[in-house]
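Asks: Please see the structure below; I have some questions.
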Amino acid sequence: MANMVIQGTMINGDAAALVVLPLFSSFSGSSFRFCRRFANPTFLLSNGILKSFNSFGFLKVGIKLEKYRPKVRASGASNDDTTPPPVAPLELESPTGQLLSQILQTHPHLLPAAVDQHLENLQAERDSPKEEDSSQTQNLLYKRIAEVKEKEKKKTLEEIIYCLVVQDFLKYKIMMIPLISVPTDDPTGKVDAWPNQEQKLESVHSSEAFEMIQNHLSLVLGERDGGPLSNTVQISKLKLGKLYAASIMYGYFLKRVDERFQLERSMKTLPKSLNKAQEVSREPLPESPFWDQDSLFRIPPDDDIDDTEGVLSNSAEVNTLKEYVMYLDADTLQKYATIRSKEAISLIERQTQALFGRPDIKIAEDGSIDMSNDEVIGISFSGLGLLVLEAVAFGSFLWDAEGYVESKYHFFKI
């Protein structure tokens, strides 16, 4: 039986139905290489991830798919080209991603069924018997075709995961930040004319996780000398992009460790106390951690941690997520600070590119990095906080979406 795929929707009065058509293939590809381990797990992504994101523009664009783009239109709709505004900044490239993006815009309640259908198709394609040919020429041809299909599959999986992430934002009624560009009518170059969604972004996380996110925000914002949140700071797009990507990683890590913390608390298996081997460094925070990217992921100890004994002085048990993270050993932290799939890593880069564009970076003759063309933009402290909160939420949703897709179609490399 031929593989079938949901290609659109039809509307008849108040009823909506999925249109199922034969599956077609795309011919786009991307390459991405990334080190999935981090050198210093104690500081939770502090050094490795930020050095890996020195440039967040590694995506290589493949063959354009303009003529393959599926069109989804409600019956009775006008013939003009008016379409709903995009719900996410990243423009998807694969036919599957473009279809799911249309469904998100017009009928988001149909997305889960569409995702499951596509994942079933991918599984059926994997399970189908492969034809083999003894001819060397044919083998080389089949090998090349297999490589192209593998790239297609990777792109499809990425964009399925991305659509599930966007769906979570829609579920919480959160408007994702669009492409960041300097307004021509504002001499300050301020870019954060976004609605205040702090409460919605806070509701995404558990109370324990949001406590750690607030610590992360305090490190990002640094010392503001008591000034209002409307004050504007000038920052390069590259630095802001690195901060956004790193905050996604932080949200991903936090969701992962919070799930284990909540599970152990429900089973009453939380550790009793910290020991000396798990002491947390009490290095003073830099005066301007906003500019010191390597310090963004340190967890400042609470005041109830005894410096000399290395144990919880006011409590005999680990009661908060921060204490639980301090309790974990270096190997466990390294495991939790590891992205499980290349698809998720690629999505972090693509989402960052969609917001900040490709950085204009050149390598000088002496080997140094020339960032003289890097654009400087203005952003308020409140806008900076919202940007970080969205990135953390994106990382949390990414963990859930990646896990859901894995449960339907195994793609993790063990």
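Within each chain, counting starts at residue 1; across the structure tokens, chains are named A, B, ... in the order shown, with ligands numbered 1 upward in that order.
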Going by DSSP on the backbone, which bits of region 208-282 of chain A are strand (DSSP E or B)? Write them as a ChimeraX atom specification, please.

Replies: /A:232-236

Asks: Could you check which of A:Ala393, A:Ala146, A:Ala209, A:Met249 is closest to Tyr336 (chain A), using only C-alpha atoms?

Replies: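 Closest to Tyr336 (chain A) of all the choices is A:Met249.
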
Asks: Would you list the contacts of Phe169 (chain A) as a list of chain:residue names, taking every protein, DNA or RNA residue within 12 Å and counting only C-alpha atoms, but skipping same-chain residues closer than 4 positions in sequence?

Replies: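 Listed by chain and then number, they are A:Val87, A:Ala88, A:Leu104, A:Pro108, A:Tyr162, A:Cys163, A:Leu164, A:Val165, A:Lys173, A:Ile174, A:Met175, A:Met176, A:Ile177, A:Gln197, A:Lys200, A:Leu201, A:Ser203, A:Val204, A:Glu390, A:Ala391, A:Val392, A:Ala393, A:Phe394, A:Gly395, A:Ser396, A:Phe397, A:Leu398, A:Ala401.
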
Asks: Could you tell me which of A:Arg144, A:Ala246, A:Gln102, A:Val257 comes closest to Lys322 (chain A) if we count only C-alpha atoms?

Replies: A:Val257

Asks: If you measure from CA of Ile161 (chain A) to CA of Gln105 (chain A), what distance in Å do you get, rounded to one decimal?

Replies: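 So the answer is 16.2 Å.
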
Asks: Kindly give the distance, in Å, that separates CA of Lys335 (chain A) and CA of Glu402 (chain A), rounded to a single decimal.

Replies: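 CA of Glu402 (chain A) lies 16.3 Å from CA of Lys335 (chain A).
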
Asks: Which one is closest to Gln123 (chain A): A:His109, A:Lys408, A:Glu317, A:Val148? Count only C-alpha atoms.

Replies: A:Lys408

Asks: Work out how far CA of Glu91 (chain A) is from CA of Gln167 (chain A), in Å to one decimal.

Replies: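 According to the coordinates, CA of Gln167 (chain A) and CA of Glu91 (chain A) are separated by 15.0 Å.
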
Asks: Quick one: of A:Gly357, A:Pro271, A:Gly251, A:Pro112, who's nearest to Leu90 (chain A), counting only C-alpha atoms?

Replies: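 Using only C-alpha atoms, the shortest distance to Leu90 (chain A) belongs to A:Gly357.
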
Asks: Going by DSSP on the backbone, which bits of region 334-407 of chain A are helix (DSSP H, G or I)? Write them as a VMD selection string, please.

Replies: chain A and resid 334 to 336 342 to 356 381 to 407
